[in-house]
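Here the structure is laid out as structure tokens; the discussion comes afterwards.
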Amino acid sequence: MSLGASNPEYVNARVRSRRASLFADEDYRKLIRMGPSEIARFMEETEYEREINALGTRFSGVDLIEYALNRNLAKHFDDLLDWSEGRLYDLVSRYLRKFDVMNLKTVIRGIYTETDPEEVQTDLIRAGELDNRTIDRLLEVDTIEDAIEVVSGTIFYESLSAAHEEYEETGALVPLENALDREFYEHLLEDVSRPPGRTQPQEGPEARYIEFLQAEIDFRNARNALRLARSGADLDPAAYYIEGGVLFDASDLNRLVGDYDALVDHIAENKRYGDRLSGALGRLREADSLIQFEHALDAALLQYADTLSSIYPASVSAVLSYILAKEREVENIRAIARGREVGLSESEIEEELVIL
Amino acid sequence: MIEALDIVLQNGEAMSPEAAENLSVGYAEAAAAIAVGLAALAAGYAERGIGAAAVGAIAEDDDMFVPGLIMTVLPETLVILALVVVFIVG
């Protein structure tokens, strides 16, 4: 944990300004009608200009859009970590470690499938806490064992080396990836929800931050449960259960997997989410596909973060709401570009978008 | 006021009325100075947050310079109001 004064005012002012320059819903409607190269040109006139220009010579079409989006995302999130100090840095970096997890997974998969490091490199989103040097060293190693050695000293080391034994026995990547996810979510709430020697804060921005993260964990659990149920795979839901949420405990999850309506009812009955998400829950009930369900969850989380950031203007909530909104923008543009590439119709693409 | 001071000071030597008056004026001015000083401190603290936010806004958008500047100096009114105390007392 870093010490020293934090500077929420400064970060908030910058974040809110950037938030305002994100694409509006009308822009998405415009984008839906464009082809990949038109989208790239449209992006060139917005704040993606630098990335599109830098990558324009090497890639084209949807790849160009995708890499430009990733690079822009990484740039903005790196900025967030640059700006914030003290407690704020601590809270923001906890959340952005998500990208460390993503990068480590990509690298490990790259090593597993013996993909060319150059290709792996373009897929990385350098937005997390791992610095560029560590990531470059990760790209140079040839075995998973060496990769784990490179991240020694980070929070991922211990669980990765434990999972590595299992990997050597089974030869499947799942234990390693689960170890990464678990480590991320466990550290997300560490110290904050139960600070040493104190009880969990009930009031103020910190309490809401915890609530937000718990919501994220809850939704992640709900999502995993549904995916498991839909895929029909004979897997133990408890193995994928992430602790720290308030919505489910492990036995709830076992019971609710496979019963869609009961699961939605379970969320609606919860007093924390029931009222706030009534609109989204209505959509959840109607949603017949898993994708719509997941998008409704995303939209609900985004709305929740927005509410928090207007209740507590000078706290970490505005940063979180920006992170979510930016991710949503990147995912939406990617969905549009990929959708156009494979020739989906406009209404089909629209279903893929998360629009509030 | 002067009587009260006399009582306070009775354990010492009795004070001439002029000396007592000088003393009370001195106390009043010291009180005014503390009031202004505290107000300036509070204004400074308020400006810390606003200034940080203003610099952030200006970094994103140069047009925010003038609004940022105005917002930043708003808490200075605290000090100006506190200055009134000096004139009332003095």
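Chain identifiers are assigned as A, B, and so on, following the order in which chains appear in the structure tokens; residues are numbered from 1 within each chain, and ligands are numbered from 1 in order of appearance.
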Taking only C-alpha atoms into account and nothing else, which residues of chain B lie no more than 6 Å away from chain A? Please answer as a PDB file with N, CA and C atoms, in the first residue's frame.
```pdb
ATOM      1  N   GLY B  49      -7.730  22.138  -2.748  1.00  0.00           N
ATOM      2  CA  GLY B  49      -8.538  21.208  -3.528  1.00  0.00           C
ATOM      3  C   GLY B  49      -8.968  21.795  -4.854  1.00  0.00           C
ATOM      4  N   ALA B  52      -6.100  22.119  -7.310  1.00  0.00           N
ATOM      5  CA  ALA B  52      -5.717  20.835  -7.898  1.00  0.00           C
ATOM      6  C   ALA B  52      -6.689  20.456  -9.012  1.00  0.00           C
ATOM      7  N   ALA B  53      -7.980  20.623  -8.723  1.00  0.00           N
ATOM      8  CA  ALA B  53      -8.984  20.288  -9.733  1.00  0.00           C
ATOM      9  C   ALA B  53      -8.848  21.208 -10.941  1.00  0.00           C
ATOM     10  N   GLY B  56      -6.021  20.213 -13.096  1.00  0.00           N
ATOM     11  CA  GLY B  56      -6.419  19.026 -13.843  1.00  0.00           C
ATOM     12  C   GLY B  56      -7.274  19.380 -15.038  1.00  0.00           C
ATOM     13  N   ALA B  57      -8.227  20.271 -14.813  1.00  0.00           N
ATOM     14  CA  ALA B  57      -9.129  20.659 -15.904  1.00  0.00           C
ATOM     15  C   ALA B  57      -8.360  21.401 -16.996  1.00  0.00           C
TER      16      ALA B  57
END
```
Open item on the list: Need to verify the contact set: range 332-343 of chain A, 9 Å, only C-alpha atoms, exclusion of same-chain residues closer than 2 positions in sequence. Can you return it as a VMD selection string?
Closed with: chain A and resid 28 31 to 36 39 61 to 62 65 to 66 69 327 to 330 345 to 346 348 to 350 352 to 355
Open item on the list: Give me, as a ChimeraX atom specification, the residues of chain B that a backbone DSSP run labels alpha helix (DSSP H).
Closed with: /B:2-8,17-60,65-73,76-89
Per-residue nearest contacts range 152-227 of chain A to range 127-143 of chain A, cut-off 12 Å, using only C-alpha atoms, as a Markdown table:
```
| residue | atom | partner | partner_atom | distance |
| --- | --- | --- | --- | --- |
| A:Ser152 | CA | A:Thr134 | CA | 10.3 |
| A:Gly153 | CA | A:Leu130 | CA | 10.8 |
| A:Thr154 | CA | A:Leu130 | CA | 8.5 |
| A:Ile155 | CA | A:Leu130 | CA | 10.7 |
| A:Phe156 | CA | A:Leu130 | CA | 10.9 |
| A:His164 | CA | A:Thr143 | CA | 11.4 |
| A:Glu168 | CA | A:Thr143 | CA | 11.9 |
| A:Phe184 | CA | A:Gly128 | CA | 11.8 |
```
Put those residues in a file: C-alpha atoms, as a short mmCIF file (atom, residue, chain, number, x, y, z; two decimals), in the first residue's frame.
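Final file, again-v2.cif:
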```cif
data_model
loop_
_atom_site.label_atom_id
_atom_site.label_comp_id
_atom_site.auth_asym_id
_atom_site.auth_seq_id
_atom_site.Cartn_x
_atom_site.Cartn_y
_atom_site.Cartn_z
CA SER A 152 8.19 -13.13 -8.71
CA GLY A 153 7.66 -10.27 -6.32
CA THR A 154 4.18 -9.52 -7.59
CA ILE A 155 1.00 -10.69 -5.93
CA PHE A 156 0.54 -13.36 -8.57
CA HIS A 164 2.01 -24.62 -11.92
CA GLU A 168 2.40 -30.00 -14.96
CA PHE A 184 -7.05 -10.68 -8.51
#
```
Task: Interatomic distance (Å, one decimal) between CA of Ala28 in chain B and CA of Val89 in chain B - done: 6.5 Å
Spatial neighbours of range 262-274 of chain A, max dist 9 Å, only C-alpha atoms, sep filter under 6 positions, as a PDB file with all heavy atoms, in the first residue's frame:
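That gives us selection05.pdb:
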```pdb
ATOM      1  N   ALA A 215     -20.370  -5.666  -5.837  1.00  0.00           N
ATOM      2  CA  ALA A 215     -21.319  -5.820  -6.943  1.00  0.00           C
ATOM      3  C   ALA A 215     -20.627  -6.480  -8.122  1.00  0.00           C
ATOM      4  O   ALA A 215     -21.173  -7.372  -8.769  1.00  0.00           O
ATOM      5  CB  ALA A 215     -21.884  -4.466  -7.340  1.00  0.00           C
ATOM      6  N   ALA A 222     -22.656 -14.395 -10.882  1.00  0.00           N
ATOM      7  CA  ALA A 222     -23.906 -14.669 -11.586  1.00  0.00           C
ATOM      8  C   ALA A 222     -23.613 -15.090 -13.020  1.00  0.00           C
ATOM      9  O   ALA A 222     -24.196 -16.041 -13.548  1.00  0.00           O
ATOM     10  CB  ALA A 222     -24.793 -13.439 -11.570  1.00  0.00           C
ATOM     11  N   LEU A 226     -24.378 -18.676 -14.872  1.00  0.00           N
ATOM     12  CA  LEU A 226     -25.210 -18.826 -16.069  1.00  0.00           C
ATOM     13  C   LEU A 226     -24.453 -19.486 -17.194  1.00  0.00           C
ATOM     14  O   LEU A 226     -24.996 -20.330 -17.907  1.00  0.00           O
ATOM     15  CB  LEU A 226     -25.692 -17.457 -16.510  1.00  0.00           C
ATOM     16  CG  LEU A 226     -26.910 -17.030 -15.727  1.00  0.00           C
ATOM     17  CD1 LEU A 226     -27.139 -15.558 -15.886  1.00  0.00           C
ATOM     18  CD2 LEU A 226     -28.108 -17.809 -16.212  1.00  0.00           C
ATOM     19  N   LEU A 247     -24.089 -11.448  -2.668  1.00  0.00           N
ATOM     20  CA  LEU A 247     -25.311 -11.947  -3.285  1.00  0.00           C
ATOM     21  C   LEU A 247     -25.444 -13.453  -3.134  1.00  0.00           C
ATOM     22  O   LEU A 247     -26.519 -13.967  -2.851  1.00  0.00           O
ATOM     23  CB  LEU A 247     -25.308 -11.544  -4.757  1.00  0.00           C
ATOM     24  CG  LEU A 247     -26.554 -11.742  -5.563  1.00  0.00           C
ATOM     25  CD1 LEU A 247     -27.720 -11.040  -4.927  1.00  0.00           C
ATOM     26  CD2 LEU A 247     -26.335 -11.189  -6.968  1.00  0.00           C
ATOM     27  N   PHE A 248     -24.356 -14.141  -3.334  1.00  0.00           N
ATOM     28  CA  PHE A 248     -24.398 -15.600  -3.279  1.00  0.00           C
ATOM     29  C   PHE A 248     -23.426 -16.097  -2.230  1.00  0.00           C
ATOM     30  O   PHE A 248     -22.401 -15.486  -2.001  1.00  0.00           O
ATOM     31  CB  PHE A 248     -23.925 -16.209  -4.606  1.00  0.00           C
ATOM     32  CG  PHE A 248     -24.667 -15.739  -5.799  1.00  0.00           C
ATOM     33  CD1 PHE A 248     -24.094 -14.817  -6.652  1.00  0.00           C
ATOM     34  CD2 PHE A 248     -25.916 -16.241  -6.089  1.00  0.00           C
ATOM     35  CE1 PHE A 248     -24.763 -14.388  -7.774  1.00  0.00           C
ATOM     36  CE2 PHE A 248     -26.589 -15.807  -7.214  1.00  0.00           C
ATOM     37  CZ  PHE A 248     -26.017 -14.879  -8.052  1.00  0.00           C
ATOM     38  N   LEU A 253     -25.132 -20.739  -5.025  1.00  0.00           N
ATOM     39  CA  LEU A 253     -24.729 -20.797  -6.416  1.00  0.00           C
ATOM     40  C   LEU A 253     -24.994 -22.192  -6.977  1.00  0.00           C
ATOM     41  O   LEU A 253     -25.529 -22.342  -8.068  1.00  0.00           O
ATOM     42  CB  LEU A 253     -23.240 -20.446  -6.520  1.00  0.00           C
ATOM     43  CG  LEU A 253     -22.800 -19.898  -7.852  1.00  0.00           C
ATOM     44  CD1 LEU A 253     -23.500 -18.597  -8.140  1.00  0.00           C
ATOM     45  CD2 LEU A 253     -21.300 -19.686  -7.845  1.00  0.00           C
ATOM     46  N   LEU A 256     -28.704 -22.495  -7.611  1.00  0.00           N
ATOM     47  CA  LEU A 256     -29.334 -21.655  -8.621  1.00  0.00           C
ATOM     48  C   LEU A 256     -28.836 -21.917 -10.036  1.00  0.00           C
ATOM     49  O   LEU A 256     -29.475 -21.525 -11.005  1.00  0.00           O
ATOM     50  CB  LEU A 256     -29.113 -20.180  -8.285  1.00  0.00           C
ATOM     51  CG  LEU A 256     -29.835 -19.715  -7.025  1.00  0.00           C
ATOM     52  CD1 LEU A 256     -29.326 -18.366  -6.594  1.00  0.00           C
ATOM     53  CD2 LEU A 256     -31.325 -19.654  -7.276  1.00  0.00           C
ATOM     54  N   LEU A 281     -33.250  -5.362 -14.186  1.00  0.00           N
ATOM     55  CA  LEU A 281     -33.760  -6.699 -13.893  1.00  0.00           C
ATOM     56  C   LEU A 281     -34.933  -7.058 -14.789  1.00  0.00           C
ATOM     57  O   LEU A 281     -35.084  -8.207 -15.190  1.00  0.00           O
ATOM     58  CB  LEU A 281     -34.175  -6.799 -12.429  1.00  0.00           C
ATOM     59  CG  LEU A 281     -33.011  -6.967 -11.461  1.00  0.00           C
ATOM     60  CD1 LEU A 281     -33.457  -6.774 -10.034  1.00  0.00           C
ATOM     61  CD2 LEU A 281     -32.374  -8.330 -11.637  1.00  0.00           C
ATOM     62  N   LEU A 284     -33.463  -8.217 -17.711  1.00  0.00           N
ATOM     63  CA  LEU A 284     -32.891  -9.548 -17.494  1.00  0.00           C
ATOM     64  C   LEU A 284     -33.931 -10.629 -17.688  1.00  0.00           C
ATOM     65  O   LEU A 284     -33.671 -11.678 -18.251  1.00  0.00           O
ATOM     66  CB  LEU A 284     -32.353  -9.661 -16.075  1.00  0.00           C
ATOM     67  CG  LEU A 284     -31.033  -8.996 -15.751  1.00  0.00           C
ATOM     68  CD1 LEU A 284     -30.565  -9.451 -14.392  1.00  0.00           C
ATOM     69  CD2 LEU A 284     -30.004  -9.339 -16.784  1.00  0.00           C
ATOM     70  N   ARG A 285     -35.137 -10.355 -17.166  1.00  0.00           N
ATOM     71  CA  ARG A 285     -36.191 -11.355 -17.278  1.00  0.00           C
ATOM     72  C   ARG A 285     -36.578 -11.601 -18.729  1.00  0.00           C
ATOM     73  O   ARG A 285     -36.835 -12.725 -19.131  1.00  0.00           O
ATOM     74  CB  ARG A 285     -37.421 -10.891 -16.505  1.00  0.00           C
ATOM     75  CG  ARG A 285     -37.435 -11.361 -15.084  1.00  0.00           C
ATOM     76  CD  ARG A 285     -38.703 -10.871 -14.420  1.00  0.00           C
ATOM     77  NE  ARG A 285     -38.374 -10.186 -13.185  1.00  0.00           N
ATOM     78  CZ  ARG A 285     -38.116 -10.817 -12.055  1.00  0.00           C
ATOM     79  NH1 ARG A 285     -38.126 -12.115 -12.027  1.00  0.00           N
ATOM     80  NH2 ARG A 285     -37.822 -10.147 -10.958  1.00  0.00           N
TER      81      ARG A 285
END
```
Task: Surrounding residues of Phe59 in chain A excluding itself and chain neighbours under 5 positions, 12 Å, only C-alpha atoms, as a PyMOL selection string - done: chain A and resi 37+40+51-54+64-68+122
Go ahead and save the picked residues with C-alpha atoms, as an mmCIF file, in the first residue's frame.
```
data_model
loop_
_atom_site.group_PDB
_atom_site.id
_atom_site.type_symbol
_atom_site.label_atom_id
_atom_site.label_comp_id
_atom_site.auth_asym_id
_atom_site.auth_seq_id
_atom_site.Cartn_x
_atom_site.Cartn_y
_atom_site.Cartn_z
ATOM 1 C CA SER A 37 -12.480 1.340 -43.057
ATOM 2 C CA ALA A 40 -11.243 3.701 -38.851
ATOM 3 C CA GLU A 51 -3.203 5.449 -32.418
ATOM 4 C CA ILE A 52 -4.796 5.079 -35.823
ATOM 5 C CA ASN A 53 -1.964 7.031 -37.421
ATOM 6 C CA ALA A 54 0.726 5.116 -35.584
ATOM 7 C CA LEU A 64 -6.317 -1.675 -37.110
ATOM 8 C CA ILE A 65 -9.411 -0.668 -35.171
ATOM 9 C CA GLU A 66 -8.875 -3.341 -32.571
ATOM 10 C CA TYR A 67 -5.220 -2.529 -31.910
ATOM 11 C CA ALA A 68 -5.895 1.196 -31.910
ATOM 12 C CA THR A 122 0.193 -6.765 -30.204
#
```
Task: Two-atom distance - CA of Glu21 in chain B, CA of Leu83 in chain B (Å) - done: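 Here the two named atoms are 23.0 Å from each other.
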Might you pull out every residue within 12 Å of Leu41 in chain B, with only C-alpha atoms counted and same-chain residues fewer than 6 positions away left off, and present them as an mmCIF file with all heavy atoms, in the first residue's frame?
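Written output follows (selection_8.cif):
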```
data_model
loop_
_atom_site.group_PDB
_atom_site.id
_atom_site.type_symbol
_atom_site.label_atom_id
_atom_site.label_comp_id
_atom_site.auth_asym_id
_atom_site.auth_seq_id
_atom_site.Cartn_x
_atom_site.Cartn_y
_atom_site.Cartn_z
ATOM 1 N N ILE B 34 -5.489 37.003 14.829
ATOM 2 C CA ILE B 34 -5.710 35.544 14.810
ATOM 3 C C ILE B 34 -6.879 35.204 13.894
ATOM 4 O O ILE B 34 -6.821 34.235 13.121
ATOM 5 C CB ILE B 34 -5.979 35.028 16.239
ATOM 6 C CG1 ILE B 34 -4.691 35.138 17.058
ATOM 7 C CG2 ILE B 34 -6.466 33.600 16.225
ATOM 8 C CD1 ILE B 34 -4.878 34.847 18.519
ATOM 9 N N ALA B 35 -7.957 36.039 13.958
ATOM 10 C CA ALA B 35 -9.123 35.778 13.112
ATOM 11 C C ALA B 35 -8.732 35.792 11.645
ATOM 12 O O ALA B 35 -9.091 34.883 10.876
ATOM 13 C CB ALA B 35 -10.210 36.811 13.381
ATOM 14 N N GLU B 47 -8.501 26.328 -1.201
ATOM 15 C CA GLU B 47 -7.910 26.507 -2.534
ATOM 16 C C GLU B 47 -7.055 25.328 -2.953
ATOM 17 O O GLU B 47 -6.861 25.086 -4.142
ATOM 18 C CB GLU B 47 -7.072 27.792 -2.561
ATOM 19 C CG GLU B 47 -7.940 29.014 -2.753
ATOM 20 C CD GLU B 47 -7.183 30.292 -2.456
ATOM 21 O OE1 GLU B 47 -5.943 30.271 -2.519
ATOM 22 O OE2 GLU B 47 -7.845 31.290 -2.144
ATOM 23 N N ARG B 48 -6.552 24.605 -1.987
ATOM 24 C CA ARG B 48 -5.729 23.430 -2.305
ATOM 25 C C ARG B 48 -6.516 22.481 -3.206
ATOM 26 O O ARG B 48 -6.049 22.084 -4.274
ATOM 27 C CB ARG B 48 -5.336 22.728 -1.012
ATOM 28 C CG ARG B 48 -4.819 21.340 -1.215
ATOM 29 C CD ARG B 48 -4.831 20.585 0.113
ATOM 30 N NE ARG B 48 -4.534 19.190 -0.112
ATOM 31 C CZ ARG B 48 -5.448 18.278 -0.423
ATOM 32 N NH1 ARG B 48 -6.717 18.640 -0.547
ATOM 33 N NH2 ARG B 48 -5.115 17.019 -0.605
ATOM 34 N N PRO B 75 -12.369 31.276 -2.712
ATOM 35 C CA PRO B 75 -12.274 31.235 -1.250
ATOM 36 C C PRO B 75 -11.538 32.437 -0.655
ATOM 37 O O PRO B 75 -11.600 32.647 0.556
ATOM 38 C CB PRO B 75 -11.497 29.941 -0.980
ATOM 39 C CG PRO B 75 -11.679 29.136 -2.185
ATOM 40 C CD PRO B 75 -11.777 30.089 -3.316
ATOM 41 N N GLU B 76 -10.866 33.227 -1.501
ATOM 42 C CA GLU B 76 -10.204 34.431 -0.988
ATOM 43 C C GLU B 76 -11.213 35.371 -0.332
ATOM 44 O O GLU B 76 -10.844 36.196 0.509
ATOM 45 C CB GLU B 76 -9.487 35.172 -2.117
ATOM 46 C CG GLU B 76 -8.182 34.550 -2.549
ATOM 47 C CD GLU B 76 -7.166 34.473 -1.425
ATOM 48 O OE1 GLU B 76 -7.146 35.402 -0.579
ATOM 49 O OE2 GLU B 76 -6.440 33.486 -1.376
ATOM 50 N N LEU B 78 -13.189 34.695 1.836
ATOM 51 C CA LEU B 78 -13.105 34.424 3.277
ATOM 52 C C LEU B 78 -12.159 35.406 3.950
ATOM 53 O O LEU B 78 -12.462 35.986 4.994
ATOM 54 C CB LEU B 78 -12.566 33.013 3.503
ATOM 55 C CG LEU B 78 -13.515 31.846 3.561
ATOM 56 C CD1 LEU B 78 -12.715 30.584 3.827
ATOM 57 C CD2 LEU B 78 -14.507 32.061 4.669
ATOM 58 N N VAL B 79 -10.996 35.588 3.338
ATOM 59 C CA VAL B 79 -9.976 36.462 3.938
ATOM 60 C C VAL B 79 -10.447 37.907 3.896
ATOM 61 O O VAL B 79 -10.240 38.667 4.848
ATOM 62 C CB VAL B 79 -8.642 36.301 3.192
ATOM 63 C CG1 VAL B 79 -7.546 37.052 3.930
ATOM 64 C CG2 VAL B 79 -8.291 34.848 3.046
ATOM 65 N N ALA B 82 -12.819 38.425 6.579
ATOM 66 C CA ALA B 82 -12.124 38.428 7.859
ATOM 67 C C ALA B 82 -11.414 39.760 8.088
ATOM 68 O O ALA B 82 -11.271 40.217 9.220
ATOM 69 C CB ALA B 82 -11.126 37.279 7.907
#
```
TODO: State, in Å with one decimal place, the distance from CA of Ala59 in chain B to CA of Asn70 in chain A.
DONE: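 So the two atoms, CA of Ala59 in chain B and CA of Asn70 in chain A, lie 23.3 Å apart.
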Just the residues within 10 Å of Tyr304 in chain A, please, counting only C-alpha atoms, with nothing from its chain fewer than 5 positions along; format it as a compact mmCIF listing (two decimals) with C-alpha atoms, in the first residue's frame.
```txt
# COMPACT_ATOMS: atom_id res chain seq x y z
CA PHE A 212 -19.13 -1.46 -5.96
CA ALA A 215 -21.32 -5.82 -6.94
CA TYR A 273 -29.60 -4.59 -5.84
CA ARG A 276 -31.51 0.05 -7.78
CA LEU A 277 -31.52 -2.38 -10.65
CA ASP A 298 -22.80 -4.46 -17.58
CA ALA A 299 -25.26 -1.63 -18.02
CA SER A 309 -19.73 9.23 -8.77
CA SER A 317 -16.00 6.47 -7.72
CA SER A 321 -17.11 5.03 -13.53
```
